[in-house]
Structures are given as C-alpha cells and as structure tokens.
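Visitor: Contents are mmCIF, C-alpha atoms; file name coords_5.cif:
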data_model
loop_
_atom_site.label_atom_id
_atom_site.label_comp_id
_atom_site.auth_asym_id
_atom_site.auth_seq_id
_atom_site.Cartn_x
_atom_site.Cartn_y
_atom_site.Cartn_z
CA MET A 809 -12.38 58.97 -60.77
CA GLN A 810 -15.06 56.78 -62.28
CA ARG A 811 -17.04 58.10 -65.24
CA ARG A 812 -20.34 58.13 -63.36
CA GLU A 813 -18.86 60.15 -60.48
CA PHE A 814 -17.43 62.73 -62.86
CA ILE A 815 -20.75 63.00 -64.73
CA MET A 816 -22.51 63.68 -61.42
CA LEU A 817 -20.03 66.45 -60.63
CA LEU A 818 -20.38 68.05 -64.05
CA GLY A 819 -24.16 67.84 -63.80
CA GLY A 820 -23.94 69.43 -60.37
CA ALA A 821 -21.89 72.23 -61.84
CA SER A 822 -24.82 73.10 -64.07
CA VAL A 823 -26.99 73.42 -60.96
CA ALA A 824 -24.44 75.82 -59.48
CA TRP A 825 -24.94 78.26 -62.38
CA PRO A 826 -24.84 81.70 -60.69
CA LEU A 827 -28.24 83.04 -59.71
CA ALA A 828 -27.18 86.52 -60.76
CA ALA A 829 -26.89 85.36 -64.36
CA ARG A 830 -30.37 83.84 -64.23
CA ALA A 831 -31.79 87.13 -63.02
CA GLN A 832 -30.64 89.03 -66.11
CA GLN A 833 -32.75 89.73 -69.17
CA PRO A 834 -34.02 86.46 -70.74
CA ASP A 835 -33.23 87.54 -74.31
CA ARG A 836 -29.52 87.98 -73.57
CA ILE A 837 -27.27 85.11 -74.67
CA ARG A 838 -25.16 83.98 -71.76
CA ARG A 839 -21.58 82.86 -72.31
CA ILE A 840 -19.89 80.03 -70.45
CA GLY A 841 -16.23 79.11 -70.69
CA VAL A 842 -15.13 75.53 -70.12
CA LEU A 843 -11.52 74.62 -69.42
CA LEU A 844 -10.84 70.90 -69.07
CA GLY A 845 -7.68 69.10 -68.02
CA LEU A 846 -8.68 66.36 -70.45
CA ALA A 847 -7.68 65.44 -74.00
CA GLU A 848 -10.03 66.42 -76.80
CA ASP A 849 -9.53 63.09 -78.56
CA ASP A 850 -10.58 61.12 -75.48
CA PRO A 851 -14.03 59.61 -76.20
CA GLU A 852 -14.90 59.46 -72.51
CA ALA A 853 -13.97 63.12 -72.05
CA LYS A 854 -16.30 64.07 -74.89
CA ALA A 855 -19.05 62.01 -73.30
CA LEU A 856 -18.55 63.89 -70.04
CA LEU A 857 -18.86 67.26 -71.77
CA SER A 858 -22.00 66.01 -73.51
CA GLU A 859 -23.49 65.11 -70.13
CA PHE A 860 -22.73 68.59 -68.85
CA THR A 861 -24.34 70.19 -71.91
CA GLN A 862 -27.38 67.99 -71.44
CA GLY A 863 -27.62 69.00 -67.78
CA LEU A 864 -27.64 72.66 -68.79
CA SER A 865 -30.27 72.00 -71.47
CA GLU A 866 -32.54 70.31 -68.94
CA ARG A 867 -32.37 73.50 -66.90
CA GLY A 868 -33.27 75.74 -69.81
CA TRP A 869 -29.78 76.70 -71.03
CA VAL A 870 -29.54 75.66 -74.68
CA GLU A 871 -26.48 76.39 -76.81
CA GLY A 872 -27.38 78.49 -79.84
CA ARG A 873 -30.56 79.74 -78.24
CA ASN A 874 -29.69 81.46 -74.97
CA LEU A 875 -26.19 80.11 -74.38
CA ARG A 876 -22.79 80.17 -76.05
CA MET A 877 -20.15 77.74 -74.83
CA ASP A 878 -16.41 78.19 -75.41
CA VAL A 879 -14.55 74.94 -74.70
CA ARG A 880 -10.81 74.47 -74.32
CA TRP A 881 -9.06 71.12 -73.91
CA ALA A 882 -5.73 71.38 -72.10
CA GLY A 883 -5.04 67.71 -71.49
CA SER A 884 -2.29 67.39 -68.89
CA SER A 885 -0.26 70.33 -70.24
CA THR A 886 0.15 73.08 -67.67
CA ASP A 887 1.33 75.43 -70.43
CA LEU A 888 -1.95 74.97 -72.32
CA MET A 889 -3.89 75.46 -69.10
CA HIS A 890 -2.32 78.89 -68.62
CA THR A 891 -2.77 79.82 -72.29
CA PHE A 892 -6.40 78.75 -72.44
CA ALA A 893 -7.20 80.29 -69.05
CA LYS A 894 -6.13 83.68 -70.38
CA GLU A 895 -8.07 83.14 -73.63
CA LEU A 896 -11.28 82.31 -71.80
CA VAL A 897 -10.98 85.19 -69.35
CA ASP A 898 -10.38 87.60 -72.24
CA LEU A 899 -13.72 86.46 -73.70
CA GLN A 900 -15.41 87.72 -70.52
CA PRO A 901 -17.89 84.87 -70.08
CA ASP A 902 -20.60 84.95 -67.41
CA VAL A 903 -19.11 81.90 -65.72
CA ILE A 904 -16.31 79.39 -66.27
CA LEU A 905 -16.36 75.66 -65.55
CA ALA A 906 -12.99 74.27 -64.50
CA ASN A 907 -11.92 70.72 -63.72
CA THR A 908 -8.82 69.63 -61.79
CA THR A 909 -6.68 71.63 -59.41
CA PRO A 910 -4.09 72.97 -61.93
CA VAL A 911 -6.84 74.15 -64.30
CA THR A 912 -8.61 75.97 -61.47
CA ALA A 913 -5.33 77.51 -60.30
CA ALA A 914 -4.60 78.77 -63.82
CA LEU A 915 -8.01 80.44 -64.03
CA LYS A 916 -7.74 81.94 -60.55
CA ARG A 917 -4.52 83.68 -61.59
CA GLU A 918 -6.32 85.32 -64.50
CA THR A 919 -9.47 86.64 -62.83
CA GLN A 920 -10.86 87.58 -59.44
CA THR A 921 -14.24 88.69 -60.80
CA ILE A 922 -15.58 86.13 -63.28
CA ARG A 923 -17.43 83.34 -61.51
CA ILE A 924 -15.63 79.98 -61.60
CA VAL A 925 -17.24 76.65 -60.75
CA PHE A 926 -14.64 73.91 -60.20
CA THR A 927 -14.85 70.12 -60.08
CA ILE A 928 -12.26 67.41 -59.28
CA VAL A 929 -10.34 69.56 -56.80
CA SER A 930 -8.86 67.77 -53.79
CA ASP A 931 -8.00 70.62 -51.42
CA PRO A 932 -9.81 73.86 -52.35
CA VAL A 933 -8.92 75.53 -49.04
CA GLY A 934 -5.25 74.53 -49.03
CA SER A 935 -4.96 75.44 -52.72
CA GLY A 936 -6.21 78.94 -51.93
CA PHE A 937 -9.39 78.69 -54.01
CA VAL A 938 -11.82 79.27 -51.12
CA GLU A 939 -11.48 80.53 -47.56
CA ASN A 940 -13.51 77.66 -46.11
CA LEU A 941 -15.78 74.88 -47.34
CA ALA A 942 -18.98 76.20 -45.79
CA HIS A 943 -18.70 79.75 -47.15
CA PRO A 944 -16.36 79.94 -50.16
CA VAL A 945 -16.63 83.74 -50.65
CA GLY A 946 -14.77 85.24 -53.65
CA ASN A 947 -15.49 84.25 -57.24
CA LEU A 948 -14.82 80.50 -56.90
CA THR A 949 -17.05 77.70 -55.72
CA GLY A 950 -17.40 74.06 -56.62
CA PHE A 951 -17.00 70.47 -55.59
CA MET A 952 -14.32 68.88 -53.43
CA TYR A 953 -12.95 65.62 -54.84
CA GLN A 954 -12.31 63.66 -51.65
CA ASP A 955 -11.06 64.00 -48.08
CA ALA A 956 -7.37 63.47 -47.41
CA SER A 957 -8.14 60.59 -45.07
CA MET A 958 -9.16 58.49 -48.07
CA VAL A 959 -5.48 57.92 -48.87
CA GLY A 960 -5.11 56.17 -45.52
CA LYS A 961 -8.15 54.05 -46.32
CA LEU A 962 -6.66 53.10 -49.68
CA LEU A 963 -3.48 51.97 -47.97
CA GLU A 964 -5.52 49.97 -45.47
CA LEU A 965 -7.37 48.23 -48.30
CA LEU A 966 -4.05 47.53 -50.02
CA THR A 967 -2.70 45.76 -46.95
CA GLU A 968 -5.89 43.73 -46.67
CA ILE A 969 -5.53 42.59 -50.27
CA ALA A 970 -1.79 41.98 -49.97
CA PRO A 971 -0.94 41.37 -46.28
CA LYS A 972 2.76 40.82 -47.03
CA VAL A 973 3.28 44.37 -48.30
CA LYS A 974 5.89 46.14 -46.18
CA ARG A 975 6.60 49.20 -48.34
CA ALA A 976 4.11 51.38 -50.21
CA ALA A 977 4.76 54.25 -52.60
CA LEU A 978 2.59 57.30 -53.15
CA MET A 979 3.16 58.39 -56.75
CA PHE A 980 2.21 61.90 -57.91
CA ASN A 981 3.24 64.69 -60.26
CA PRO A 982 4.28 67.75 -58.22
CA ASP A 983 3.72 69.99 -61.26
CA THR A 984 0.00 69.17 -61.49
CA ALA A 985 -0.59 68.18 -57.87
CA PRO A 986 1.52 70.54 -55.72
CA TYR A 987 -0.87 70.07 -52.81
CA MET A 988 -0.01 66.38 -52.40
CA GLU A 989 2.71 66.80 -49.79
CA SER A 990 0.69 69.10 -47.54
CA TYR A 991 -2.73 67.49 -48.04
CA TYR A 992 -2.38 63.75 -48.70
CA VAL A 993 1.11 62.85 -47.46
CA PRO A 994 0.43 63.36 -43.71
CA ALA A 995 -2.56 60.99 -43.89
CA PHE A 996 -0.54 58.52 -45.96
CA GLU A 997 2.37 58.50 -43.52
CA ALA A 998 0.08 58.27 -40.47
CA ALA A 999 -1.73 55.26 -41.94
CA ALA A 1000 1.58 53.65 -42.91
CA LEU A 1001 2.82 53.99 -39.33
CA THR A 1002 -0.34 52.35 -37.97
CA LEU A 1003 -0.21 49.55 -40.53
CA LYS A 1004 3.56 49.04 -40.06
CA VAL A 1005 4.26 49.79 -43.72
CA ALA A 1006 7.23 51.90 -44.83
CA PRO A 1007 5.90 54.95 -46.73
CA ILE A 1008 7.72 56.01 -49.91
CA LEU A 1009 7.07 59.30 -51.71
CA ALA A 1010 7.53 58.96 -55.46
CA PRO A 1011 7.23 62.30 -57.30
CA VAL A 1012 7.25 61.83 -61.08
CA HIS A 1013 7.00 64.24 -64.00
CA ASN A 1014 6.62 62.04 -67.09
CA ASP A 1015 6.08 58.51 -68.39
CA VAL A 1016 9.77 57.69 -68.23
CA GLU A 1017 9.95 58.54 -64.54
CA ILE A 1018 6.77 56.57 -63.85
CA GLU A 1019 8.23 53.47 -65.48
CA ALA A 1020 11.48 53.90 -63.56
CA VAL A 1021 9.70 54.13 -60.21
CA ILE A 1022 7.48 51.14 -60.94
CA GLY A 1023 10.52 49.15 -62.06
CA SER A 1024 12.40 50.04 -58.91
CA LEU A 1025 9.46 49.04 -56.72
CA ALA A 1026 9.01 45.79 -58.59
CA ARG A 1027 12.58 44.81 -57.85
CA ALA A 1028 12.27 45.55 -54.13
CA PRO A 1029 10.89 42.84 -51.83
CA GLY A 1030 7.59 43.52 -50.08
CA ALA A 1031 6.81 46.67 -52.02
CA ALA A 1032 3.67 47.99 -53.70
CA SER A 1033 2.51 51.13 -55.43
CA SER A 1034 -0.97 52.59 -55.52
CA GLU A 1035 -2.28 53.62 -58.92
CA HIS A 1036 -5.15 55.62 -57.43
CA PRO A 1037 -3.21 58.45 -55.73
CA ILE A 1038 -1.50 59.34 -59.03
CA ASN A 1039 -4.97 60.32 -60.22
CA LEU A 1040 -5.70 62.64 -57.32
CA TYR A 1041 -6.34 66.05 -58.85
#
Would it be possible to restate this file's structure as structure tokens?

Guide:
Amino acid sequence: MQRREFIMLLGGASVAWPLAARAQQPDRIRRIGVLLGLAEDDPEAKALLSEFTQGLSERGWVEGRNLRMDVRWAGSSTDLMHTFAKELVDLQPDVILANTTPVTAALKRETQTIRIVFTIVSDPVGSGFVENLAHPVGNLTGFMYQDASMVGKLLELLTEIAPKVKRAALMFNPDTAPYMESYYVPAFEAAALTLKVAPILAPVHNDVEIEAVIGSLARAPGAASSEHPINLY
C-alpha cells in the first residue's frame, strides 16, 4: 500500500473513535492502544503513526492532556503480535487501533469487549472480524483494504505489460495471510483462465523461500511473479 493511502486510513481511524468514549466526562484521560504490524525502526512507519496522532489532535484528542497512547510495534512477527495484543488488552484501553489482518486476529482472540478499529484488512468478513460489511456488530469495525477482484485486475495489467507471459505466480505467506486461498485465489485463478495464463500458488514463509521461488520462476520460460499480492494484508 502506498504511504498516502495508509495515512488516509489511519486518519480515518481517528474519525471512527467510539462515540461512547466521547460522551464520557471531559476531564477523564482516555487510553488508546496501538498495535502495528510494522517495524519501529522504519522511518515511514513512524511517519504514519505521527499522521494518526495529528489526526487525533485535530479532533481534540491530545496526548498528555486528555489522551494516553500505548504503542506496540510487532513488525512481521506473529509471536510479538500475540504478546503485545495481550499486553494492550491487559491495560484496558478505551479503544485499540490495529493494522493488518494478523494483528487484528491476535487482538480479537484477547478481547470481545474492548473496541477495536482495524485498518489494512483484506477480508474482514471471511476472517471472522465482522458479520457483514454494512453492519459490523461486535467490538470490531474498520476499513477494508481492497476487494478480491483486484487480484484479477493486477493479473490483467501484468499481461498487458508483458503479453508473452504464460505463467503467473501468486506469492504469499500463509502464516500472516491465511485468508489468501479462500479470498484472493479464486479471483486469481478465474482471471488466469480468462487470460490463458497458468496460475501458480507460491506460499512462502521467509526470505530464503522467497528467493527460491523467484529463482525458480526466473528459470522457467514465460513466467512472471507479482510483487503486489505478497503485500496483501
């Protein structure tokens, strides 16, 4: 996802601050937990958090005055996501901001009462976060990343750029994106059939496996891989 798109989602999350919290006594300091599937030493990630903080400030929520923010950076580690999810829930914040599907899943396992606003989630219904998109119900609400049909569009664009492509691989990490096969793969395979391209599923778990898959594709004639689907959260 591009930086500007992510900033818009984080800013939107500040708008989604629960109305019940706003209705409480004005002199009470609210507490918000933030769990990010981003690395703390990533300059862009820090810029994104700064944009979110600014969005809250513009709406009257200022850290140190009427707001306390507890931030956890999990990077791509699912173990840290689970650890930090429990830590944040134990702090009993008024609301928690989550980004990415595995982060949201980790938080959902820890609480069914604390409000959670999620961003960068591809399939909130299929992942069990909400019952439907129109009326989420429960303690989770947020922003859907993109429709599954976009994967088919990406493949279509790929064949327009490289008409000789006959095989295309969809690369993803099943540990952090378990929804890929049920949500994106059907659209990918349907588009591949229409475009007369052989679809290849390439689950990977680490850098070594990524390099191996790319190397294998590079050696095969008429093959291509899409870098975008590996970033579907």

Visitor: Taking the file as I've supplied it (selection: the PyMOL selection byres ((chain A and resi 916) around 12)), which residues are included? Please answer as an mmCIF file with C-alpha atoms, keeping the file's coordinate frame.

Guide:
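Final output, selection_3.cif:
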data_model
loop_
_atom_site.group_PDB
_atom_site.id
_atom_site.type_symbol
_atom_site.label_atom_id
_atom_site.label_comp_id
_atom_site.auth_asym_id
_atom_site.auth_seq_id
_atom_site.Cartn_x
_atom_site.Cartn_y
_atom_site.Cartn_z
ATOM 1 C CA MET A 889 -3.890 75.460 -69.100
ATOM 2 C CA HIS A 890 -2.320 78.890 -68.620
ATOM 3 C CA ALA A 893 -7.200 80.290 -69.050
ATOM 4 C CA LYS A 894 -6.130 83.680 -70.380
ATOM 5 C CA LEU A 896 -11.280 82.310 -71.800
ATOM 6 C CA VAL A 897 -10.980 85.190 -69.350
ATOM 7 C CA ILE A 904 -16.310 79.390 -66.270
ATOM 8 C CA LEU A 905 -16.360 75.660 -65.550
ATOM 9 C CA ALA A 906 -12.990 74.270 -64.500
ATOM 10 C CA THR A 909 -6.680 71.630 -59.410
ATOM 11 C CA PRO A 910 -4.090 72.970 -61.930
ATOM 12 C CA VAL A 911 -6.840 74.150 -64.300
ATOM 13 C CA THR A 912 -8.610 75.970 -61.470
ATOM 14 C CA ALA A 913 -5.330 77.510 -60.300
ATOM 15 C CA ALA A 914 -4.600 78.770 -63.820
ATOM 16 C CA LEU A 915 -8.010 80.440 -64.030
ATOM 17 C CA ARG A 917 -4.520 83.680 -61.590
ATOM 18 C CA GLU A 918 -6.320 85.320 -64.500
ATOM 19 C CA THR A 919 -9.470 86.640 -62.830
ATOM 20 C CA GLN A 920 -10.860 87.580 -59.440
ATOM 21 C CA THR A 921 -14.240 88.690 -60.800
ATOM 22 C CA ILE A 922 -15.580 86.130 -63.280
ATOM 23 C CA ARG A 923 -17.430 83.340 -61.510
ATOM 24 C CA ILE A 924 -15.630 79.980 -61.600
ATOM 25 C CA VAL A 925 -17.240 76.650 -60.750
ATOM 26 C CA PHE A 926 -14.640 73.910 -60.200
ATOM 27 C CA PRO A 932 -9.810 73.860 -52.350
ATOM 28 C CA SER A 935 -4.960 75.440 -52.720
ATOM 29 C CA GLY A 936 -6.210 78.940 -51.930
ATOM 30 C CA PHE A 937 -9.390 78.690 -54.010
ATOM 31 C CA VAL A 938 -11.820 79.270 -51.120
ATOM 32 C CA GLY A 946 -14.770 85.240 -53.650
ATOM 33 C CA ASN A 947 -15.490 84.250 -57.240
ATOM 34 C CA LEU A 948 -14.820 80.500 -56.900
ATOM 35 C CA THR A 949 -17.050 77.700 -55.720
#

Visitor: Record the distance separating atom CA of Ala1028 of chain A and atom CA of Arg975 of chain A, expressed in Å with one decimal.

Guide: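 Going from atom CA of Ala1028 of chain A over to atom CA of Arg975 of chain A covers 8.9 Å.
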
Visitor: Ranking A:Gln900, A:Arg839, A:Asp955, A:Pro851 by minimum distance to Leu941 of chain A and counting all atoms listed in the file, which one comes first?

Guide: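 Of A:Gln900, A:Arg839, A:Asp955, A:Pro851, the one nearest Leu941 of chain A, counting all atoms listed in the file, is A:Asp955.
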
Visitor: How many Å separate atom CA of Pro1007 of chain A from atom CA of Tyr953 of chain A?

Guide: 23.1 Å

Visitor: When distances are computed from only C-alpha atoms, which of A:Leu846, A:Ala976, A:Val1021, A:Leu888 shows the smallest separation from Lys1004 of chain A?

Guide: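 Comparing A:Leu846, A:Ala976, A:Val1021, A:Leu888 against Lys1004 of chain A, the winner is A:Ala976.
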
Visitor: Between atom CA of Ile928 of chain A and atom CA of Thr1002 of chain A, what is the spacing in Å?

Guide: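 About the pair atom CA of Thr1002 of chain A and atom CA of Ile928 of chain A: they are 28.7 Å apart.
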
Visitor: Considering all atoms listed in the file, can you say which of A:Ser957, A:Thr967, A:Ser930, A:Thr984 comes closest to Ala998 of chain A?

Guide: A:Ser957

Visitor: Find, counting only C-alpha atoms, the residue in A:Asp1015, A:Gly868, A:Glu964, A:Met952 that gets nearest to Leu1001 of chain A.

Guide: A:Glu964

Visitor: For a quick check of understanding, using all atoms listed in the file, which of A:Val903, A:Val945, A:Ala956, A:Ala855 has the smallest distance to Tyr987 of chain A?

Guide: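 Nearest candidate to Tyr987 of chain A out of A:Val903, A:Val945, A:Ala956, A:Ala855: A:Ala956.
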
Visitor: Can you work out which one of A:Ser1024, A:Leu843, A:Pro901, A:Arg838 has the shortest atom-to-atom distance to Val870 of chain A, counting all atoms listed in the file?

Guide: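 Going through A:Ser1024, A:Leu843, A:Pro901, A:Arg838 one by one, the smallest distance to Val870 of chain A is for A:Arg838.
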